[in-house]
Every structure is written in structure tokens, then in C-alpha cells.
file input-v8.cif (mmCIF, C-alpha atoms)
data_query
#
loop_
_atom_site.label_atom_id
_atom_site.label_comp_id
_atom_site.auth_asym_id
_atom_site.auth_seq_id
_atom_site.Cartn_x
_atom_site.Cartn_y
_atom_site.Cartn_z
CA MET A 1 34.57 -16.99 -24.12
CA GLU A 2 30.77 -17.13 -24.01
CA ILE A 3 28.54 -16.91 -20.95
CA ILE A 4 25.14 -18.52 -20.48
CA THR A 5 22.98 -17.69 -17.49
CA ILE A 6 20.77 -20.49 -16.27
CA ASP A 7 17.95 -20.26 -13.74
CA THR A 8 18.24 -23.06 -11.18
CA LYS A 9 14.48 -22.89 -10.58
CA VAL A 10 14.04 -24.23 -14.11
CA TYR A 11 17.09 -26.48 -14.45
CA SER A 12 18.57 -28.30 -11.47
CA LEU A 13 22.26 -28.05 -10.59
CA ARG A 14 22.54 -31.77 -11.34
CA ALA A 15 21.21 -31.22 -14.86
CA ILE A 16 23.65 -28.35 -15.39
CA PHE A 17 26.58 -30.52 -14.25
CA GLY A 18 25.38 -33.38 -16.46
CA THR A 19 25.22 -31.06 -19.45
CA ALA A 20 28.61 -29.49 -18.76
CA TYR A 21 30.09 -32.96 -18.49
CA VAL A 22 29.12 -33.72 -22.10
CA PHE A 23 31.12 -30.72 -23.34
CA LEU A 24 34.24 -31.20 -21.21
CA ASP A 25 36.19 -32.98 -23.93
CA ASN A 26 36.23 -30.06 -26.35
CA TYR A 27 35.53 -27.02 -24.18
CA TYR A 28 36.64 -25.46 -20.94
CA ILE A 29 33.62 -24.92 -18.73
CA PHE A 30 33.42 -22.99 -15.50
CA LEU A 31 30.34 -22.49 -13.35
CA ASP A 32 29.99 -19.33 -11.30
CA ASN A 33 27.70 -16.86 -9.58
CA PHE A 34 25.12 -18.85 -7.73
CA GLU A 35 23.37 -15.77 -6.37
CA ASP A 36 19.69 -15.03 -7.05
CA GLY A 37 19.15 -18.66 -8.02
CA LYS A 38 21.10 -18.24 -11.24
CA ILE A 39 24.25 -19.88 -12.49
CA GLN A 40 26.66 -18.50 -15.07
CA VAL A 41 28.19 -21.06 -17.37
CA LYS A 42 31.41 -19.81 -18.94
CA ILE A 43 32.33 -21.72 -22.08
CA LYS A 44 35.71 -21.46 -23.76
CA SER A 45 36.83 -23.51 -26.74
CA LYS A 46 39.98 -25.61 -26.59
CA LYS A 47 40.52 -24.82 -30.27
CA GLU A 48 41.45 -21.34 -31.43
CA ASN A 49 39.01 -19.15 -33.37
CA GLU A 50 36.00 -21.39 -32.95
CA ASP A 51 32.53 -19.93 -33.27
CA LEU A 52 30.82 -20.62 -29.96
CA GLU A 53 27.28 -19.51 -30.88
CA LYS A 54 26.39 -22.94 -32.21
CA ILE A 55 27.78 -24.57 -29.10
CA ILE A 56 25.64 -22.38 -26.87
CA ASP A 57 22.52 -23.62 -28.66
CA GLU A 58 23.73 -27.19 -28.37
CA PHE A 59 24.41 -26.64 -24.69
CA LYS A 60 20.86 -25.40 -24.14
CA ASN A 61 19.41 -28.39 -26.00
CA GLU A 62 21.57 -30.78 -24.02
CA LEU A 63 20.37 -29.07 -20.85
CA ILE A 64 16.79 -29.98 -21.72
CA ASN A 65 17.91 -33.54 -22.50
CA ALA A 66 19.68 -33.84 -19.15
CA SER A 67 16.69 -32.45 -17.25
CA LEU A 68 14.35 -34.91 -18.93
CA ARG A 69 16.70 -37.83 -18.27
CA LEU A 70 16.88 -36.89 -14.60
CA LYS A 71 13.10 -36.58 -14.37
CA ILE A 72 12.56 -40.01 -15.97
CA SER A 73 15.29 -41.48 -13.81
CA GLU A 74 13.57 -40.18 -10.66
CA GLU A 75 10.19 -41.47 -11.82
CA ASN A 76 11.60 -44.95 -12.48
CA LYS A 77 13.77 -45.05 -9.40
CA LYS A 78 11.48 -47.42 -7.48
CA ILE A 79 11.10 -49.84 -10.39
CA ARG A 80 14.88 -49.92 -10.91
CA GLU A 81 15.44 -50.64 -7.24
CA ILE A 82 12.91 -53.49 -7.28
CA ILE A 83 14.51 -55.03 -10.38
CA VAL A 84 18.03 -54.80 -8.98
CA THR A 85 16.97 -56.14 -5.57
CA SER A 86 15.15 -59.05 -7.18
CA ALA A 87 18.14 -59.81 -9.39
CA LEU A 88 20.53 -59.75 -6.43
CA TYR A 89 18.41 -61.92 -4.19
CA GLY A 90 17.24 -64.12 -7.06
CA ARG A 91 13.68 -64.44 -5.94
CA VAL A 92 11.36 -62.74 -8.32
CA GLU A 93 7.83 -63.72 -7.47
CA ALA A 94 6.22 -65.05 -10.60
CA PRO A 95 3.01 -63.22 -11.38
CA ARG A 96 -0.07 -65.39 -11.00
CA ILE A 97 -1.65 -65.55 -14.41
CA ASN A 98 -4.95 -67.25 -15.07
CA ASP A 99 -3.75 -69.75 -17.64
CA PRO A 100 -5.80 -73.00 -17.39
CA LYS A 101 -4.66 -74.29 -20.80
CA GLY A 102 -0.99 -73.69 -20.03
CA ILE A 103 -0.43 -71.36 -22.98
CA CYS A 104 2.11 -69.30 -21.06
CA LYS A 105 4.20 -72.33 -20.06
CA THR A 106 7.55 -73.06 -21.68
CA TRP A 107 8.10 -76.31 -23.59
CA GLU A 108 10.08 -77.76 -20.68
CA GLU A 109 7.37 -76.84 -18.18
CA SER A 110 4.57 -78.34 -20.24
CA HIS A 111 6.46 -81.58 -21.07
CA SER A 112 8.02 -82.29 -17.68
CA GLN A 113 4.87 -84.00 -16.38
CA VAL A 114 4.27 -86.16 -19.44
CA LYS A 115 4.76 -89.86 -18.64
CA ILE A 116 6.42 -91.62 -21.52
CA ASN A 117 5.63 -95.26 -22.12
CA ASP A 118 9.14 -96.75 -22.03
CA PRO A 119 9.02 -100.34 -20.68
CA LYS A 120 12.53 -101.19 -21.94
CA GLY A 121 14.06 -98.09 -20.39
CA ILE A 122 15.34 -96.71 -23.69
CA CYS A 123 14.83 -93.14 -22.56
CA LYS A 124 16.78 -93.65 -19.33
CA THR A 125 20.28 -92.26 -18.96
CA TRP A 126 23.30 -94.48 -18.28
CA GLU A 127 23.39 -93.18 -14.70
CA GLU A 128 19.72 -94.01 -14.15
CA ILE A 129 20.22 -97.58 -15.38
CA ASN A 130 23.54 -98.19 -13.63
CA SER A 131 22.80 -96.82 -10.21
CA ASN A 132 25.46 -97.58 -7.55
CA ASP A 133 23.98 -100.91 -6.42
CA ASN A 134 23.76 -102.27 -9.92
CA VAL A 135 27.34 -101.28 -10.66
CA HIS A 136 28.61 -103.05 -7.52
CA LYS A 137 26.68 -106.19 -8.38
CA ALA A 138 28.07 -106.18 -11.90
CA VAL A 139 31.64 -105.77 -10.64
CA ASN A 140 31.24 -108.60 -8.11
CA ASN A 141 29.88 -110.91 -10.79
CA GLU A 142 32.85 -110.13 -12.99
CA ILE A 143 35.26 -110.99 -10.16
CA LEU A 144 33.48 -114.33 -9.49
CA LYS A 145 33.59 -115.19 -13.16
CA GLU A 146 37.31 -114.46 -13.20
CA LYS A 147 37.96 -116.67 -10.16
CA ASN A 148 36.17 -119.58 -11.72
CA SER A 149 37.91 -119.26 -15.04
CA GLU A 150 40.18 -121.98 -16.39
CA TYR A 151 43.14 -119.67 -16.25
CA CYS A 152 42.78 -119.17 -12.49
CA LYS A 153 42.17 -122.82 -11.78
CA MET A 154 45.38 -123.68 -13.61
CA PHE A 155 47.59 -121.27 -11.61
CA LYS A 156 45.52 -121.19 -8.37
CA CYS A 157 45.31 -117.42 -8.36
CA ASP A 158 42.64 -115.13 -6.86
CA GLY A 159 41.56 -113.70 -10.15
CA ASP A 160 44.36 -111.17 -10.36
CA LYS A 161 46.08 -111.74 -13.66
CA ASN A 162 49.14 -109.75 -12.64
CA MET B 1 47.44 -17.12 -10.49
CA GLU B 2 44.16 -17.15 -8.51
CA ILE B 3 40.84 -18.85 -9.14
CA LYS B 4 37.70 -17.90 -7.26
CA ILE B 5 35.48 -20.93 -6.84
CA ASN B 6 31.91 -20.75 -5.63
CA LYS B 7 31.26 -22.90 -2.57
CA ASN B 8 27.62 -23.45 -3.46
CA ILE B 9 28.55 -25.09 -6.75
CA TYR B 10 31.81 -26.93 -6.11
CA LYS B 11 32.41 -29.17 -3.13
CA LYS B 12 35.47 -28.97 -0.89
CA GLU B 13 36.20 -32.70 -1.27
CA SER B 14 36.23 -32.31 -5.06
CA LEU B 15 38.58 -29.36 -4.79
CA LYS B 16 40.97 -31.35 -2.59
CA LYS B 17 40.97 -34.26 -5.04
CA THR B 18 41.63 -31.91 -7.96
CA ILE B 19 44.52 -30.28 -6.12
CA GLN B 20 45.98 -33.73 -5.46
CA VAL B 21 45.86 -34.52 -9.17
CA TYR B 22 47.44 -31.23 -10.27
CA GLU B 23 50.02 -30.73 -7.52
CA SER B 24 52.68 -32.45 -9.60
CA LEU B 25 52.37 -29.63 -12.17
CA ALA B 26 52.33 -26.64 -9.82
CA LYS B 27 52.24 -25.51 -6.24
CA ILE B 28 48.55 -25.26 -5.37
CA ASP B 29 46.93 -23.97 -2.17
CA PHE B 30 43.46 -22.85 -1.29
CA LEU B 31 41.85 -20.51 1.23
CA GLU B 32 38.30 -20.75 2.43
CA GLU B 33 36.14 -17.65 2.54
CA SER B 34 32.45 -17.34 3.37
CA ASN B 35 31.16 -18.04 -0.15
CA PHE B 36 34.29 -18.88 -2.09
CA PHE B 37 37.40 -20.97 -2.18
CA ILE B 38 40.40 -19.00 -3.35
CA VAL B 39 42.80 -21.32 -5.17
CA LYS B 40 46.34 -20.06 -5.62
CA ILE B 41 48.47 -21.68 -8.30
CA ASP B 42 52.20 -20.91 -8.35
CA ASP B 43 55.44 -22.41 -9.68
CA ILE B 44 53.63 -23.78 -12.68
CA ASN B 45 55.32 -26.22 -15.02
CA GLU B 46 56.24 -24.27 -18.18
CA GLU B 47 54.64 -26.81 -20.50
CA VAL B 48 51.18 -26.39 -18.99
CA LYS B 49 51.32 -22.73 -18.03
CA ASP B 50 48.70 -21.61 -20.56
CA ILE B 51 46.14 -24.29 -19.90
CA ILE B 52 46.49 -25.28 -16.28
CA GLN B 53 43.81 -22.91 -14.98
CA ASP B 54 41.17 -24.05 -17.48
CA GLU B 55 42.12 -27.71 -17.16
CA PHE B 56 42.00 -27.40 -13.38
CA CYS B 57 38.47 -25.98 -13.56
CA ASN B 58 37.36 -28.69 -15.97
CA TYR B 59 38.68 -31.40 -13.68
CA LEU B 60 37.04 -29.73 -10.70
CA LEU B 61 33.73 -29.72 -12.54
CA PHE B 62 34.16 -33.40 -13.38
CA GLU B 63 34.92 -34.27 -9.74
CA SER B 64 32.04 -32.17 -8.40
CA GLY B 65 29.64 -33.79 -10.85
CA LYS B 66 30.54 -37.20 -9.42
CA CYS B 67 29.59 -36.07 -5.91
CA LEU B 68 26.08 -34.95 -6.83
#
call {"tool": "encode", "arguments": {"input": "input-v8.cif", "output": "C-alpha cells"}}
result
Amino acid sequence: MEIITIDTKVYSLRAIFGTAYVFLDNYYIFLDNFEDGKIQVKIKSKKENEDLEKIIDEFKNELINASLRLKISEENKKIREIIVTSALYGRVEAPRINDPKGICKTWEESHSQVKINDPKGICKTWEEINSNDNVHKAVNNEILKEKNSEYCKMFKCDGDKN
Amino acid sequence: MEIKINKNIYKKESLKKTIQVYESLAKIDFLEESNFFIVKIDDINEEVKDIIQDEFCNYLLFESGKCL
């Protein structure tokens, strides 16, 4: 078993826990002796006869990593919160950019206002052409045609072939 | 078997959770002192006798880390 003493004035308890967590898979780690602002980290290998000196160095390096990660995380806390809040509420305010020529616009944005010269309605969708009223008119016309057909006159039916 | 656990490092809630996880392998109780929890482990399952103390501490560390 090896023991490392860490000053909590330099490295926070959170960083020490974060570091220890990385080594839990292969080592037994126990934290002790919180007095005088120092913590003892006891490291024991799960494998027999393993040289722990290298691990101690790795532990110290990882401790610096963890401290830095925590520091960056605290610095970016506000930005993260803003991003998450915006994503949850779905209302990110678009920044107002001075863009008179529309360079920053997407293709869809820049082409949505273009009026296409289409007198025959080629660019219209089926739904646009056959709006509800038109469909009803077309159906009624078909029924009238059917009623006036020779077939119906012959059998005096109302246009229902069945 | 006894383990002395520092109260300033490990949280009581974490200790309780760890005991819950390991109580199927041994009889585990703890006492509270001013600065320490004293964990007593008895009637340990033969298969885990050699490692239960270390594994218990590892799990306790894992649980305490989640609470920070």
C-alpha cells in the first residue's frame, strides 16, 4: 500500500474524489485524516506484486487534470446554464447582425421572398390547386354528368351504378 | 472487522447506501463518533472475506463522490 498526502488548500476535495474515481477500477483507494487541511490517500493494487510508484505519479497528474477541469467547469457554468435553458425553452434570441446584403441568411431565408412568375400555376402543389371548394365543385360536376348519362336515362337511376 | 471512516470526507447518506449494498454479504453496523463512523463488519461470506473491506471502501468513495 502507498500513501499520498494532499493539501486541500491546493486541491479541492471534489478534485481528489474525481481523481480517485478514475483509479477505482484497478485500485483500492481510501481517503483518511482530514486534519490540518490535509488528506491521506491510501492506494492499494487489486493485482498482487504491482509496483505502485508509477501509479502515484499518475494519480498526481490526474489530480491536476481534475482540478483544471473543475476550474473550467466553474468558469463556464453560466454559459452552460444559458445554453441549456435556451434549448429547453426553445427561444434563443437571434443576435442582431448588421447584414444589409443578406450574406448571413440561409438559402431558404433568402429565397422565400422571391416571387416566381408562374401564370399557369406549374409551381403550385396539388393541395394548393385543389383546395376544398374546387374539389367539391369537381365532385358535384362528376355526379351531374353521371345522372345525365345514357346509362342512367335507360334505367332511371340516380347515378349510382350499383 | 472494523473500519474507521472520517466524517469530514465521507457522508452518512453514502455510508448508509453502501451498507445497504453490502449487507447481503455480511452483517454490517456502524456507530457514530465525533469525527468518525466506526463500521463493524461481521459474519462475512467466505468467498469475499479477503476483499470485502477494500471493496466496501471503494464503493463508499464512489457513493460519496456522487454527493459532492
call {"tool": "atom_distance", "arguments": {"input": "input-v8.cif", "atom1": "CA of Ile72 in chain A", "atom2": "CA of Glu58 in chain A"}}
result
21.0 Å
call {"tool": "residues_around", "arguments": {"input": "input-v8.cif", "residues": "Tyr22 in chain B", "least_positions_apart": "3", "cutoff": "12 Å", "atoms": "all atoms listed in the file", "output": "list of chain:residue names"}}
result
B:Leu15, B:Lys16, B:Lys17, B:Thr18, B:Ile19, B:Leu25, B:Ala26, B:Lys27, B:Ile28, B:Asp29, B:Ile41, B:Asp42, B:Asp43, B:Ile44, B:Asn45, B:Val48, B:Ile51, B:Ile52, B:Gln53, B:Asp54, B:Glu55, B:Phe56, B:Cys57, B:Asn58, B:Tyr59, B:Leu60
call {"tool": "closest_atom_pairs", "arguments": {"input": "input-v8.cif", "of": "chain A", "to": "chain B", "cutoff": "9 Å", "atoms": "all atoms listed in the file", "output": "Markdown table"}}
result
| residue | atom | partner | partner_atom | distance |
| --- | --- | --- | --- | --- |
| A:Leu13 | CA | B:Ile9 | CA | 7.9 |
| A:Arg14 | CA | B:Leu68 | CA | 6.6 |
| A:Phe17 | CA | B:Gly65 | CA | 5.6 |
| A:Gly18 | CA | B:Gly65 | CA | 7.1 |
| A:Ala20 | CA | B:Leu61 | CA | 8.1 |
| A:Tyr21 | CA | B:Phe62 | CA | 6.5 |
| A:Leu24 | CA | B:Asn58 | CA | 6.6 |
| A:Tyr27 | CA | B:Asn58 | CA | 8.6 |
| A:Tyr28 | CA | B:Asp54 | CA | 5.9 |
| A:Ile29 | CA | B:Asn58 | CA | 6.0 |
| A:Phe30 | CA | B:Cys57 | CA | 6.2 |
| A:Leu31 | CA | B:Ile9 | CA | 7.3 |
| A:Asp32 | CA | B:Asn6 | CA | 6.2 |
| A:Asn33 | CA | B:Asn6 | CA | 7.0 |
| A:Phe34 | CA | B:Asn8 | CA | 6.8 |
| A:Ile39 | CA | B:Ile9 | CA | 8.9 |
| A:Lys44 | CA | B:Asp54 | CA | 8.7 |
call {"tool": "closest_residue", "arguments": {"input": "input-v8.cif", "among": "A:Ile43, A:Ile3, A:Ile16, A:Val84", "to": "Leu70 in chain A", "atoms": "all atoms listed in the file"}}
result
A:Ile16
call {"tool": "closest_residue", "arguments": {"input": "input-v8.cif", "among": "A:Ile4, A:Tyr11, A:Glu74, A:Ile97", "to": "Lys42 in chain A", "atoms": "only C-alpha atoms"}}
result
A:Ile4
call {"tool": "atom_distance", "arguments": {"input": "input-v8.cif", "atom1": "CA of Thr106 in chain A", "atom2": "CA of Leu88 in chain A"}}
result
24.0 Å
call {"tool": "decode", "arguments": {"input": "input-v8.cif", "residues": "chain B", "atoms": "C-alpha atoms", "output": "short mmCIF file (atom, residue, chain, number, x, y, z; two decimals), in the first residue's frame"}}
result
data_model
loop_
_atom_site.label_atom_id
_atom_site.label_comp_id
_atom_site.auth_asym_id
_atom_site.auth_seq_id
_atom_site.Cartn_x
_atom_site.Cartn_y
_atom_site.Cartn_z
CA MET B 1 -13.53 -6.33 11.32
CA GLU B 2 -13.70 -2.55 11.90
CA ILE B 3 -13.26 0.39 9.55
CA LYS B 4 -12.75 3.92 10.81
CA ILE B 5 -14.27 6.39 8.39
CA ASN B 6 -13.69 10.11 8.56
CA LYS B 7 -16.90 12.12 8.81
CA ASN B 8 -15.41 15.13 7.08
CA ILE B 9 -14.68 13.13 3.94
CA TYR B 10 -17.47 10.57 3.67
CA LYS B 11 -21.14 11.41 4.06
CA LYS B 12 -23.55 9.49 6.28
CA GLU B 13 -26.04 9.01 3.44
CA SER B 14 -23.32 7.44 1.29
CA LEU B 15 -22.34 5.13 4.12
CA LYS B 16 -25.96 4.01 4.57
CA LYS B 17 -26.29 3.29 0.84
CA THR B 18 -23.04 1.32 0.84
CA ILE B 19 -24.17 -0.73 3.82
CA GLN B 20 -27.43 -1.50 2.01
CA VAL B 21 -25.48 -2.79 -0.99
CA TYR B 22 -23.11 -4.97 1.06
CA GLU B 23 -25.49 -6.27 3.72
CA SER B 24 -26.21 -9.38 1.67
CA LEU B 25 -22.53 -10.37 2.04
CA ALA B 26 -22.06 -9.67 5.74
CA LYS B 27 -23.61 -8.26 8.86
CA ILE B 28 -22.72 -4.57 8.84
CA ASP B 29 -23.39 -1.94 11.51
CA PHE B 30 -21.99 1.48 12.18
CA LEU B 31 -21.51 3.74 15.20
CA GLU B 32 -21.21 7.48 15.06
CA GLU B 33 -18.45 9.22 16.98
CA SER B 34 -17.49 12.89 16.98
CA ASN B 35 -15.20 12.73 13.93
CA PHE B 36 -15.59 9.18 12.70
CA PHE B 37 -18.03 6.49 11.75
CA ILE B 38 -16.99 3.11 13.07
CA VAL B 39 -18.19 0.40 10.69
CA LYS B 40 -18.31 -3.12 12.06
CA ILE B 41 -18.38 -5.98 9.58
CA ASP B 42 -19.14 -9.48 10.88
CA ASP B 43 -20.41 -12.84 9.59
CA ILE B 44 -18.72 -12.25 6.28
CA ASN B 45 -19.42 -14.51 3.33
CA GLU B 46 -16.37 -16.77 2.92
CA GLU B 47 -15.98 -16.01 -0.77
CA VAL B 48 -15.48 -12.28 -0.20
CA LYS B 49 -13.71 -12.36 3.14
CA ASP B 50 -10.38 -11.07 1.80
CA ILE B 51 -11.70 -8.24 -0.28
CA ILE B 52 -14.87 -7.02 1.39
CA GLN B 53 -13.19 -4.27 3.42
CA ASP B 54 -11.39 -2.76 0.42
CA GLU B 55 -14.38 -3.16 -1.87
CA PHE B 56 -16.61 -1.58 0.76
CA CYS B 57 -14.29 1.45 0.97
CA ASN B 58 -14.14 1.75 -2.81
CA TYR B 59 -17.92 1.69 -3.07
CA LEU B 60 -18.18 4.23 -0.26
CA LEU B 61 -15.81 6.52 -2.12
CA PHE B 62 -17.87 6.12 -5.28
CA GLU B 63 -21.10 6.95 -3.43
CA SER B 64 -19.56 9.93 -1.62
CA GLY B 65 -18.20 11.29 -4.88
CA LYS B 66 -21.73 11.35 -6.29
CA CYS B 67 -22.94 13.51 -3.40
CA LEU B 68 -20.35 16.25 -3.89
#
